[in-house]
Amino acid sequence: MESLAGLGYGGLFVASFLAATLLPLSSEVVLGLLLMQGLDPVTLVLVASLGNLLGALLNYAVGRGGAVFLRRWVEPDAERNHRAMALYKRYGTISLLFAWVPIIGDPLTVVAGILKVDLRLFLLLVGTGKLARYAAIGWAFCR
């Protein structure tokens with residue numbers, strides 16, 4: 001992750017995009033390193049949020065129309081998918097505000113695609129949750 005931090009804003013975008021997919025990555029380290037280097041915290045939060053939202057959108061697209069591709073190339077984690085579906089069934093669409101939560105957040109965005117959640121609502125809820133998360137991290141580092 002340090003090598004991505006060396007790429008500045010672009011590295012953060014890549015890290016946050018990949019972290020939102022089903023790959024087991026984290027962008028918080030890159031964000032923290034860049035905050036410690038003195039880069040603009042508002043820009044960092046916006047870049048991380050956008051990258052993470054676009055990664056979640058990829059998950060949504062996979063769920064919406066590419067589930068066959070996903071099953072063919074990636075072994076689905078049944079436990080993670082079960083947890084995400086249970087959360088979605090319990091709280092409904094509003095659960096997408098928690099798409100940033102480790103372990104269940106990424107499968108939750110795939111489930112939203114499978115269930116054909118309205119794209120505008122998906123973007124609003126997921127984007128709000130992810131922006132709030134990165135803003136909280138940025139605020140904690142800048143205190």
# chains A, B, ... in the order shown; residues from 1 in each chain; ligands from 1
call {"tool": "residues_around", "arguments": {"residues": "segment 136-141 of chain A", "least_positions_apart": "2", "cutoff": "9 Å", "atoms": "only C-alpha atoms", "output": "ChimeraX atom specification"}}
result
/A:28,31-32,35-36,41-42,44-45,131-134,143
call {"tool": "write_last_selection", "arguments": {"atoms": "C-alpha atoms", "output": "mmCIF file, in the first residue's frame"}}
result
data_model
loop_
_atom_site.group_PDB
_atom_site.id
_atom_site.type_symbol
_atom_site.label_atom_id
_atom_site.label_comp_id
_atom_site.auth_asym_id
_atom_site.auth_seq_id
_atom_site.Cartn_x
_atom_site.Cartn_y
_atom_site.Cartn_z
ATOM 1 C CA GLU A 28 -7.382 3.526 4.887
ATOM 2 C CA LEU A 31 -5.367 7.701 2.999
ATOM 3 C CA GLY A 32 -3.559 7.943 6.345
ATOM 4 C CA LEU A 35 -2.772 12.803 5.166
ATOM 5 C CA MET A 36 0.502 12.562 7.090
ATOM 6 C CA PRO A 41 -7.564 16.478 3.346
ATOM 7 C CA VAL A 42 -10.731 17.606 1.546
ATOM 8 C CA LEU A 44 -8.146 13.229 -0.357
ATOM 9 C CA VAL A 45 -11.563 12.487 1.146
ATOM 10 C CA LEU A 131 -18.188 9.879 2.063
ATOM 11 C CA ALA A 132 -19.107 9.947 5.754
ATOM 12 C CA ARG A 133 -16.624 7.168 6.479
ATOM 13 C CA TYR A 134 -13.714 8.824 4.683
ATOM 14 C CA ARG A 143 -7.167 16.552 14.733
#
call {"tool": "closest_atom_pairs", "arguments": {"of": "segment 26-76 of chain A", "to": "segment 94-112 of chain A", "cutoff": "10 Å", "atoms": "only C-alpha atoms", "output": "JSON lines"}}
result
{"residue": "A:Ser26", "atom": "CA", "partner": "A:Pro102", "partner_atom": "CA", "distance": 9.1}
{"residue": "A:Asn52", "atom": "CA", "partner": "A:Trp100", "partner_atom": "CA", "distance": 8.7}
{"residue": "A:Leu53", "atom": "CA", "partner": "A:Ala99", "partner_atom": "CA", "distance": 9.5}
{"residue": "A:Gly55", "atom": "CA", "partner": "A:Asp106", "partner_atom": "CA", "distance": 9.1}
{"residue": "A:Ala56", "atom": "CA", "partner": "A:Thr109", "partner_atom": "CA", "distance": 6.1}
{"residue": "A:Leu57", "atom": "CA", "partner": "A:Thr109", "partner_atom": "CA", "distance": 7.6}
{"residue": "A:Leu58", "atom": "CA", "partner": "A:Val110", "partner_atom": "CA", "distance": 8.5}
{"residue": "A:Asn59", "atom": "CA", "partner": "A:Val110", "partner_atom": "CA", "distance": 4.9}
{"residue": "A:Tyr60", "atom": "CA", "partner": "A:Val110", "partner_atom": "CA", "distance": 4.8}
{"residue": "A:Ala61", "atom": "CA", "partner": "A:Val110", "partner_atom": "CA", "distance": 7.5}
{"residue": "A:Val62", "atom": "CA", "partner": "A:Val110", "partner_atom": "CA", "distance": 6.5}
{"residue": "A:Gly63", "atom": "CA", "partner": "A:Val110", "partner_atom": "CA", "distance": 4.5}
{"residue": "A:Arg64", "atom": "CA", "partner": "A:Val110", "partner_atom": "CA", "distance": 7.6}
{"residue": "A:Gly66", "atom": "CA", "partner": "A:Val110", "partner_atom": "CA", "distance": 9.8}
{"residue": "A:Ala67", "atom": "CA", "partner": "A:Val110", "partner_atom": "CA", "distance": 8.6}
{"residue": "A:Pro76", "atom": "CA", "partner": "A:Pro107", "partner_atom": "CA", "distance": 9.4}
call {"tool": "write_last_selection", "arguments": {"atoms": "N, CA and C atoms", "output": "compact mmCIF listing (two decimals), in the first residue's frame"}}
result
# COMPACT_ATOMS: atom_id res chain seq x y z
N SER A 26 -7.52 -2.69 1.57
CA SER A 26 -7.95 -1.59 2.41
C SER A 26 -7.31 -0.30 1.91
N ASN A 52 -13.99 4.71 -4.17
CA ASN A 52 -14.70 3.66 -3.46
C ASN A 52 -16.12 3.50 -3.99
N LEU A 53 -16.78 4.62 -4.32
CA LEU A 53 -18.12 4.55 -4.89
C LEU A 53 -18.10 3.86 -6.26
N GLY A 55 -15.92 1.66 -7.29
CA GLY A 55 -15.69 0.24 -7.04
C GLY A 55 -16.97 -0.47 -6.63
N ALA A 56 -17.76 0.20 -5.78
CA ALA A 56 -19.05 -0.36 -5.38
C ALA A 56 -19.99 -0.46 -6.57
N LEU A 57 -19.90 0.50 -7.47
CA LEU A 57 -20.73 0.48 -8.68
C LEU A 57 -20.36 -0.72 -9.55
N LEU A 58 -19.08 -1.06 -9.59
CA LEU A 58 -18.67 -2.27 -10.32
C LEU A 58 -19.31 -3.50 -9.69
N ASN A 59 -19.32 -3.58 -8.36
CA ASN A 59 -19.97 -4.69 -7.68
C ASN A 59 -21.46 -4.75 -8.03
N TYR A 60 -22.10 -3.60 -8.04
CA TYR A 60 -23.51 -3.50 -8.39
C TYR A 60 -23.74 -4.05 -9.80
N ALA A 61 -22.87 -3.65 -10.74
CA ALA A 61 -22.99 -4.11 -12.12
C ALA A 61 -22.80 -5.62 -12.21
N VAL A 62 -21.87 -6.14 -11.44
CA VAL A 62 -21.66 -7.59 -11.42
C VAL A 62 -22.92 -8.29 -10.91
N GLY A 63 -23.49 -7.76 -9.85
CA GLY A 63 -24.72 -8.34 -9.32
C GLY A 63 -25.88 -8.20 -10.28
N ARG A 64 -25.94 -7.08 -10.95
CA ARG A 64 -27.06 -6.79 -11.85
C ARG A 64 -27.05 -7.67 -13.10
N GLY A 66 -23.77 -9.50 -14.19
CA GLY A 66 -22.58 -10.30 -14.39
C GLY A 66 -22.34 -11.36 -13.35
N ALA A 67 -23.39 -11.78 -12.65
CA ALA A 67 -23.22 -12.78 -11.60
C ALA A 67 -22.63 -14.07 -12.14
N PRO A 76 -17.28 -17.51 -4.74
CA PRO A 76 -18.01 -16.67 -3.79
C PRO A 76 -17.87 -17.17 -2.37
call {"tool": "select_by_dssp", "arguments": {"residues": "chain A", "states": "helix (DSSP H, G or I)", "output": "PyMOL selection string"}}
result
chain A and resi 2-5+9-20+28-36+41-65+67-73+78-98+105-114+119-142
call {"tool": "closest_residue", "arguments": {"among": "A:Val126, A:Leu54, A:Ile114, A:Leu46", "to": "Thr21 of chain A", "atoms": "only C-alpha atoms"}}
result
A:Leu54
call {"tool": "atom_distance", "arguments": {"atom1": "atom CA of Gly113 of chain A", "atom2": "atom CA of Leu22 of chain A"}}
result
13.8 Å
